[in-house]
Amino acid sequence: MPDELIPITKPFMDERDADAARRAILSGWVTQGPEVAAFEREFAAFTGATHACAVSSCTTALHLALLAVGVKPGDEVVTVSHSYIATANSIRYCGATPVFIDIERSTFNMNPDLLDRAISGRTRAILCVHQVGMPLNIEAVLRVSQEHSIPVIEDAACAIGSEILWKGQWQKIGKPHGEIACFSFHPRKVITTGDGGMLTTSSGEFDRKFRLRRQHSMSLSDTVRHSASQVKFDEYPELGYNYRMTDIQAAVGREQLKRLPEIISRRRELAARYGTLLSNVPGVTAPDEPSFARSNWQSYSVRLPDACDQIQIMQFMLVRGIATRRGIMCSHREPAYSNGEYRAASHLTESEAAQDHCIILPLFHQMTVEEQDRVVSALRAAVAFAAQPASANR
Ligand SMILES: *Cc1c(COP(=O)(O)O)cnc(C)c1O
């Protein structure tokens, strides 16, 4: 009997989330109502943001963020290729061109040294990513952006609860430090509402734009019309979208948010333990946490020895009941980007190397230390096996 499969992740959901969904369903108000409003208030309080606006996903949040800072057809937005494809796609939704720069080898985040040269007369925004929950050096990004007066949007899809050392104090990602931060509640992230997203900002003007456009740019909100004592008609001053979050999702999100500190402390414990165990696996490099960052460890990505065949290692582990994933993708290598849909403003060597030579190991709240030991010993065996001469591998 092979050991039970250790998945790459597992949502941490239980009766509390089910009860919350039930409460919303039986309340008679199931979308864009009181649960959404409460989730927004609680999320803003958690991140320290002035405004939080709930939407249907992080992808739709990114689209609204780019629109709010005025990204239009023909503009350029500087970002990374090394990210989930939604990052670059959101720029194309605005008719703008993603401009890719490379990442740093040790953090997998945008290399701020390459930013200045990527900026052109058409640059309307910088879209930087806190990749797999690891805070990027946003201070370095802001030094360049402020020189050029270009707004910064943070793709914090994976970074709920991650922290950054800011002027001597630990602050949550999403306060935000750029103009706008965008989060995801997809099941692959640290907390989930099935699907869902959130925008945070200090700007009341941006927040007003998000709220209008997520609801078809309808001049009257459902709650205002519902409670009005006089007949009122709605108006549509500009193009809008249906990017709403439902109250069923928000009710679940409120439960998940309550548990977030406990989830993060467990993930940080497991990540630290991985670091210790992996220091004894020759050739494998554990991820680095810079001194200004506290990651929520949404994913735990390790670098394999250069000579190792990534697929062979992943297959070796899969046979032993351990799911892994390859390193984060590079958008510029996908067919959807093969016809000049982007501009590369630097080499993308480190981005490609991270995709080809890293693998993501299982990490989730319910993971036991025994499971973690199994992962590490399988990885050790896989790397040792791959290091044998080719003739012995057959
Ligand atoms: C998951 C993810 C997204 C997309 O989030 P959705 O909520 O699925 O739309 C965007 N950017 C990054 C970096 C992500 O990891």
# chains A, B, ... in the order shown; residues from 1 in each chain; ligands from 1

call {"tool": "residues_near_ligand", "arguments": {"ligand": "ligand 1", "cutoff": "7 Å", "atoms": "only C-alpha atoms and all ligand atoms", "output": "ChimeraX atom specification"}}
result
/A:57-60,83-84,86-87,129,131-132,155-158,184-186,195-197

call {"tool": "residues_around", "arguments": {"residues": "A:Glu269", "least_positions_apart": "6", "cutoff": "12 Å", "atoms": "only C-alpha atoms", "output": "MDAnalysis selection string"}}
result
chainID A and resid 262:263 275:276 295:297 363:365 367:369 372

call {"tool": "write_last_selection", "arguments": {"atoms": "C-alpha atoms", "output": "PDB file, in the first residue's frame"}}
result
ATOM      1  CA  GLU A 262      -3.180  31.123  13.682  1.00  0.00           C
ATOM      2  CA  ILE A 263      -2.725  29.972  10.061  1.00  0.00           C
ATOM      3  CA  GLY A 275      14.725  25.466   6.315  1.00  0.00           C
ATOM      4  CA  THR A 276      16.475  23.477   9.036  1.00  0.00           C
ATOM      5  CA  SER A 295       6.389  35.973   4.703  1.00  0.00           C
ATOM      6  CA  ASN A 296       3.101  34.130   5.180  1.00  0.00           C
ATOM      7  CA  TRP A 297       4.780  31.327   3.167  1.00  0.00           C
ATOM      8  CA  LEU A 363       2.868  23.341   2.826  1.00  0.00           C
ATOM      9  CA  PHE A 364      -0.539  23.720   4.478  1.00  0.00           C
ATOM     10  CA  HIS A 365      -2.004  24.404   7.906  1.00  0.00           C
ATOM     11  CA  MET A 367       0.412  19.369   7.615  1.00  0.00           C
ATOM     12  CA  THR A 368       2.065  17.203  10.268  1.00  0.00           C
ATOM     13  CA  VAL A 369       5.792  17.072  11.012  1.00  0.00           C
ATOM     14  CA  GLN A 372       7.059  17.137   6.335  1.00  0.00           C
TER      15      GLN A 372
END

call {"tool": "closest_residue", "arguments": {"among": "A:Asn137, A:Thr192, A:Thr324, A:Gln146", "to": "A:Asp113", "atoms": "only C-alpha atoms"}}
result
A:Asn137

call {"tool": "select_by_dssp", "arguments": {"residues": "stretch 1-235 of chain A", "states": "strand (DSSP E or B)", "output": "ChimeraX atom specification"}}
result
/A:6,31,51-55,76-80,82,97-101,103,110,123-129,152-155,163-166,169-172,180-184,197-201,215

call {"tool": "write_last_selection", "arguments": {"atoms": "N, CA and C atoms", "output": "CSV table (one decimal), in the first residue's frame"}}
result
chain,number,residue,atom,x,y,z
A,6,ILE,N,0.4,13.3,-0.2
A,6,ILE,CA,0.5,14.6,0.5
A,6,ILE,C,0.3,15.7,-0.6
A,31,THR,N,-26.0,38.9,-2.1
A,31,THR,CA,-24.8,39.5,-2.7
A,31,THR,C,-24.7,41.0,-2.4
A,51,HIS,N,-9.3,52.1,3.3
A,51,HIS,CA,-10.4,51.5,2.5
A,51,HIS,C,-10.1,50.1,2.0
A,52,ALA,N,-11.1,49.3,2.1
A,52,ALA,CA,-11.0,47.9,1.5
A,52,ALA,C,-12.3,47.7,0.6
A,53,CYS,N,-12.2,47.2,-0.6
A,53,CYS,CA,-13.3,47.0,-1.5
A,53,CYS,C,-13.3,45.5,-2.0
A,54,ALA,N,-14.3,44.8,-1.7
A,54,ALA,CA,-14.4,43.4,-2.1
A,54,ALA,C,-14.8,43.2,-3.5
A,55,VAL,N,-14.2,42.3,-4.2
A,55,VAL,CA,-14.6,42.0,-5.6
A,55,VAL,C,-14.5,40.5,-5.8
A,76,GLU,N,2.0,51.7,-21.2
A,76,GLU,CA,2.8,50.6,-20.8
A,76,GLU,C,2.7,50.5,-19.2
A,77,VAL,N,2.8,49.2,-18.8
A,77,VAL,CA,2.9,49.0,-17.3
A,77,VAL,C,4.0,48.1,-17.0
A,78,VAL,N,5.0,48.5,-16.2
A,78,VAL,CA,6.1,47.7,-15.9
A,78,VAL,C,5.8,46.7,-14.8
A,79,THR,N,6.1,45.4,-15.1
A,79,THR,CA,5.8,44.3,-14.2
A,79,THR,C,6.8,43.2,-14.4
A,80,VAL,N,6.5,42.0,-13.8
A,80,VAL,CA,7.4,40.8,-14.0
A,80,VAL,C,6.7,39.8,-14.8
A,82,HIS,N,7.6,36.7,-14.4
A,82,HIS,CA,7.6,35.6,-13.5
A,82,HIS,C,6.5,35.7,-12.4
A,97,THR,N,0.3,47.6,-22.7
A,97,THR,CA,1.3,46.6,-22.9
A,97,THR,C,2.1,46.3,-21.6
A,98,PRO,N,2.2,45.0,-21.2
A,98,PRO,CA,3.1,44.6,-20.1
A,98,PRO,C,4.5,44.8,-20.5
A,99,VAL,N,5.3,45.4,-19.7
A,99,VAL,CA,6.8,45.5,-19.9
A,99,VAL,C,7.5,44.7,-18.8
A,100,PHE,N,8.2,43.7,-19.2
A,100,PHE,CA,8.7,42.7,-18.2
A,100,PHE,C,10.1,43.0,-17.9
A,101,ILE,N,10.4,43.0,-16.6
A,101,ILE,CA,11.8,43.0,-16.1
A,101,ILE,C,12.1,41.7,-15.3
A,103,ILE,N,13.7,39.1,-12.2
A,103,ILE,CA,13.5,39.0,-10.8
A,103,ILE,C,14.9,38.9,-10.1
A,110,MET,N,10.6,41.1,-8.2
A,110,MET,CA,11.1,42.1,-9.1
A,110,MET,C,12.4,42.7,-8.7
A,123,THR,N,5.0,54.8,-19.9
A,123,THR,CA,4.7,54.1,-18.7
A,123,THR,C,3.7,54.8,-17.8
A,124,ARG,N,2.6,54.1,-17.5
A,124,ARG,CA,1.5,54.7,-16.7
A,124,ARG,C,1.4,54.1,-15.3
A,125,ALA,N,2.0,53.0,-15.1
A,125,ALA,CA,2.0,52.4,-13.8
A,125,ALA,C,3.1,51.3,-13.6
A,126,ILE,N,3.4,51.0,-12.4
A,126,ILE,CA,4.2,49.8,-12.0
A,126,ILE,C,3.4,48.8,-11.3
A,127,LEU,N,3.4,47.6,-11.8
A,127,LEU,CA,2.6,46.5,-11.1
A,127,LEU,C,3.6,45.5,-10.5
A,128,CYS,N,3.8,45.6,-9.2
A,128,CYS,CA,4.8,44.7,-8.6
A,128,CYS,C,4.1,43.6,-7.8
A,129,VAL,N,4.8,42.5,-7.7
A,129,VAL,CA,4.2,41.3,-7.1
A,129,VAL,C,4.9,40.9,-5.8
A,152,VAL,N,2.2,53.0,-8.1
A,152,VAL,CA,2.6,51.6,-7.9
A,152,VAL,C,1.4,50.8,-7.4
A,153,ILE,N,1.1,49.7,-8.1
A,153,ILE,CA,0.1,48.8,-7.7
A,153,ILE,C,0.7,47.5,-7.2
A,154,GLU,N,0.3,47.0,-6.0
A,154,GLU,CA,0.9,45.8,-5.5
A,154,GLU,C,0.0,44.6,-5.8
A,155,ASP,N,0.5,43.6,-6.5
A,155,ASP,CA,-0.2,42.4,-6.7
A,155,ASP,C,0.2,41.6,-5.4
A,163,GLU,N,4.2,40.6,6.2
A,163,GLU,CA,4.6,41.9,6.8
A,163,GLU,C,5.9,42.4,6.3
A,164,ILE,N,6.0,43.7,6.4
A,164,ILE,CA,7.2,44.4,5.9
A,164,ILE,C,7.7,45.4,6.9
A,165,LEU,N,9.0,45.5,7.1
A,165,LEU,CA,9.6,46.4,8.0
A,165,LEU,C,9.6,47.8,7.4
A,166,TRP,N,8.8,48.7,7.9
A,166,TRP,CA,8.5,50.0,7.3
A,166,TRP,C,8.9,51.1,8.2
A,169,GLN,N,9.0,49.8,11.7
A,169,GLN,CA,7.8,49.1,12.3
A,169,GLN,C,7.4,48.0,11.3
A,170,TRP,N,6.9,46.9,11.9
A,170,TRP,CA,6.3,45.9,11.1
A,170,TRP,C,4.9,46.3,10.7
A,171,GLN,N,4.6,46.3,9.4
A,171,GLN,CA,3.3,46.6,8.9
A,171,GLN,C,2.8,45.5,7.9
A,172,LYS,N,1.5,45.4,7.9
A,172,LYS,CA,0.9,44.4,7.0
A,172,LYS,C,1.0,44.8,5.5
A,180,ILE,N,-2.2,51.2,-4.4
A,180,ILE,CA,-3.3,50.2,-4.3
A,180,ILE,C,-2.7,48.8,-4.1
A,181,ALA,N,-3.3,47.9,-3.3
A,181,ALA,CA,-2.9,46.5,-3.2
A,181,ALA,C,-4.1,45.7,-3.5
A,182,CYS,N,-3.8,44.5,-4.2
A,182,CYS,CA,-4.9,43.6,-4.6
A,182,CYS,C,-4.6,42.2,-4.0
A,183,PHE,N,-5.7,41.6,-3.5
A,183,PHE,CA,-5.5,40.3,-2.8
A,183,PHE,C,-6.5,39.2,-3.5
A,184,SER,N,-6.1,38.0,-3.3
A,184,SER,CA,-6.9,36.9,-3.8
A,184,SER,C,-7.4,35.9,-2.7
A,197,GLY,N,-11.7,38.5,-4.2
A,197,GLY,CA,-10.6,39.4,-4.2
A,197,GLY,C,-10.9,40.6,-3.3
A,198,MET,N,-9.8,41.4,-3.1
A,198,MET,CA,-10.0,42.6,-2.3
A,198,MET,C,-9.0,43.7,-2.8
A,199,LEU,N,-9.4,44.9,-2.8
A,199,LEU,CA,-8.5,46.0,-3.1
A,199,LEU,C,-8.4,46.9,-1.8
A,200,THR,N,-7.2,47.3,-1.5
A,200,THR,CA,-7.0,48.3,-0.4
A,200,THR,C,-6.3,49.5,-0.9
A,201,THR,N,-6.7,50.7,-0.3
A,201,THR,CA,-6.1,51.9,-0.7
A,201,THR,C,-6.3,53.0,0.4
A,215,GLN,N,-19.8,47.2,-9.9
A,215,GLN,CA,-21.3,47.1,-10.0
A,215,GLN,C,-21.8,47.8,-11.2

call {"tool": "closest_residue", "arguments": {"among": "A:Met245, A:Met13, A:Met218, A:Cys308", "to": "A:Glu40", "atoms": "only C-alpha atoms"}}
result
A:Met245

call {"tool": "closest_residue", "arguments": {"among": "A:Thr107, A:Ser377, A:Gln256, A:Gln32", "to": "A:Val302", "atoms": "only C-alpha atoms"}}
result
A:Thr107

call {"tool": "closest_residue", "arguments": {"among": "A:Val190, A:Ala251, A:Val141, A:Ala65", "to": "A:Ser27", "atoms": "only C-alpha atoms"}}
result
A:Ala251

call {"tool": "select_by_dssp", "arguments": {"residues": "stretch 161-217 of chain A", "states": "alpha helix (DSSP H)", "output": "PyMOL selection string"}}
result
chain A and resi 204-213

call {"tool": "write_last_selection", "arguments": {"atoms": "all heavy atoms", "output": "mmCIF file, in the first residue's frame"}}
result
data_model
loop_
_atom_site.group_PDB
_atom_site.id
_atom_site.type_symbol
_atom_site.label_atom_id
_atom_site.label_comp_id
_atom_site.auth_asym_id
_atom_site.auth_seq_id
_atom_site.Cartn_x
_atom_site.Cartn_y
_atom_site.Cartn_z
ATOM 1 N N GLY A 204 -9.691 57.827 -1.089
ATOM 2 C CA GLY A 204 -11.142 57.749 -1.165
ATOM 3 C C GLY A 204 -11.630 57.807 -2.608
ATOM 4 O O GLY A 204 -12.634 57.185 -2.966
ATOM 5 N N GLU A 205 -10.895 58.524 -3.440
ATOM 6 C CA GLU A 205 -11.248 58.665 -4.853
ATOM 7 C C GLU A 205 -11.113 57.317 -5.585
ATOM 8 O O GLU A 205 -12.007 56.905 -6.335
ATOM 9 C CB GLU A 205 -10.324 59.732 -5.462
ATOM 10 C CG GLU A 205 -10.524 60.048 -6.928
ATOM 11 C CD GLU A 205 -11.932 60.530 -7.259
ATOM 12 O OE1 GLU A 205 -12.636 60.994 -6.341
ATOM 13 O OE2 GLU A 205 -12.332 60.405 -8.431
ATOM 14 N N PHE A 206 -10.003 56.606 -5.352
ATOM 15 C CA PHE A 206 -9.839 55.280 -5.970
ATOM 16 C C PHE A 206 -10.927 54.326 -5.465
ATOM 17 O O PHE A 206 -11.525 53.589 -6.237
ATOM 18 C CB PHE A 206 -8.461 54.688 -5.643
ATOM 19 C CG PHE A 206 -7.309 55.332 -6.362
ATOM 20 C CD1 PHE A 206 -6.020 55.214 -5.872
ATOM 21 C CD2 PHE A 206 -7.500 56.046 -7.542
ATOM 22 C CE1 PHE A 206 -4.939 55.797 -6.535
ATOM 23 C CE2 PHE A 206 -6.434 56.644 -8.213
ATOM 24 C CZ PHE A 206 -5.147 56.516 -7.700
ATOM 25 N N ASP A 207 -11.166 54.362 -4.163
ATOM 26 C CA ASP A 207 -12.146 53.450 -3.577
ATOM 27 C C ASP A 207 -13.529 53.668 -4.191
ATOM 28 O O ASP A 207 -14.255 52.718 -4.491
ATOM 29 C CB ASP A 207 -12.184 53.653 -2.057
ATOM 30 C CG ASP A 207 -13.056 52.628 -1.365
ATOM 31 O OD1 ASP A 207 -12.734 51.424 -1.445
ATOM 32 O OD2 ASP A 207 -14.074 53.016 -0.761
ATOM 33 N N ARG A 208 -13.872 54.943 -4.413
ATOM 34 C CA ARG A 208 -15.164 55.260 -5.021
ATOM 35 C C ARG A 208 -15.234 54.674 -6.440
ATOM 36 O O ARG A 208 -16.251 54.129 -6.854
ATOM 37 C CB ARG A 208 -15.325 56.789 -5.055
ATOM 38 C CG ARG A 208 -16.737 57.294 -5.284
ATOM 39 C CD ARG A 208 -16.763 58.793 -5.544
ATOM 40 N NE ARG A 208 -15.935 59.184 -6.683
ATOM 41 C CZ ARG A 208 -16.254 59.011 -7.960
ATOM 42 N NH1 ARG A 208 -17.408 58.452 -8.278
ATOM 43 N NH2 ARG A 208 -15.431 59.374 -8.927
ATOM 44 N N LYS A 209 -14.119 54.763 -7.179
ATOM 45 C CA LYS A 209 -14.082 54.204 -8.545
ATOM 46 C C LYS A 209 -14.249 52.685 -8.525
ATOM 47 O O LYS A 209 -14.951 52.114 -9.361
ATOM 48 C CB LYS A 209 -12.755 54.554 -9.227
ATOM 49 C CG LYS A 209 -12.674 56.016 -9.649
ATOM 50 C CD LYS A 209 -11.349 56.301 -10.343
ATOM 51 C CE LYS A 209 -11.314 57.759 -10.816
ATOM 52 N NZ LYS A 209 -9.988 58.146 -11.306
ATOM 53 N N PHE A 210 -13.579 52.013 -7.572
ATOM 54 C CA PHE A 210 -13.707 50.549 -7.492
ATOM 55 C C PHE A 210 -15.171 50.158 -7.278
ATOM 56 O O PHE A 210 -15.695 49.251 -7.912
ATOM 57 C CB PHE A 210 -12.915 49.952 -6.317
ATOM 58 C CG PHE A 210 -11.459 50.308 -6.236
ATOM 59 C CD1 PHE A 210 -10.821 50.341 -4.987
ATOM 60 C CD2 PHE A 210 -10.707 50.570 -7.369
ATOM 61 C CE1 PHE A 210 -9.474 50.649 -4.881
ATOM 62 C CE2 PHE A 210 -9.353 50.889 -7.270
ATOM 63 C CZ PHE A 210 -8.745 50.932 -6.019
ATOM 64 N N ARG A 211 -15.805 50.860 -6.321
ATOM 65 C CA ARG A 211 -17.178 50.506 -5.942
ATOM 66 C C ARG A 211 -18.162 50.718 -7.070
ATOM 67 O O ARG A 211 -19.105 49.945 -7.256
ATOM 68 C CB ARG A 211 -17.613 51.314 -4.708
ATOM 69 C CG ARG A 211 -16.942 50.820 -3.473
ATOM 70 C CD ARG A 211 -17.095 51.673 -2.248
ATOM 71 N NE ARG A 211 -16.107 51.185 -1.308
ATOM 72 C CZ ARG A 211 -16.252 50.057 -0.599
ATOM 73 N NH1 ARG A 211 -17.374 49.369 -0.662
ATOM 74 N NH2 ARG A 211 -15.289 49.641 0.175
ATOM 75 N N LEU A 212 -17.939 51.772 -7.835
ATOM 76 C CA LEU A 212 -18.818 52.064 -8.969
ATOM 77 C C LEU A 212 -18.638 50.988 -10.041
ATOM 78 O O LEU A 212 -19.602 50.370 -10.496
ATOM 79 C CB LEU A 212 -18.430 53.444 -9.511
ATOM 80 C CG LEU A 212 -19.475 54.205 -10.295
ATOM 81 C CD1 LEU A 212 -20.692 54.482 -9.414
ATOM 82 C CD2 LEU A 212 -18.882 55.534 -10.798
ATOM 83 N N ARG A 213 -17.404 50.745 -10.428
ATOM 84 C CA ARG A 213 -17.136 49.883 -11.589
ATOM 85 C C ARG A 213 -17.370 48.405 -11.296
ATOM 86 O O ARG A 213 -17.647 47.639 -12.220
ATOM 87 C CB ARG A 213 -15.705 50.096 -12.088
ATOM 88 C CG ARG A 213 -15.551 51.453 -12.764
ATOM 89 C CD ARG A 213 -14.127 51.708 -13.188
ATOM 90 N NE ARG A 213 -14.024 53.005 -13.870
ATOM 91 C CZ ARG A 213 -12.951 53.783 -13.819
ATOM 92 N NH1 ARG A 213 -11.886 53.410 -13.132
ATOM 93 N NH2 ARG A 213 -12.931 54.934 -14.459
#
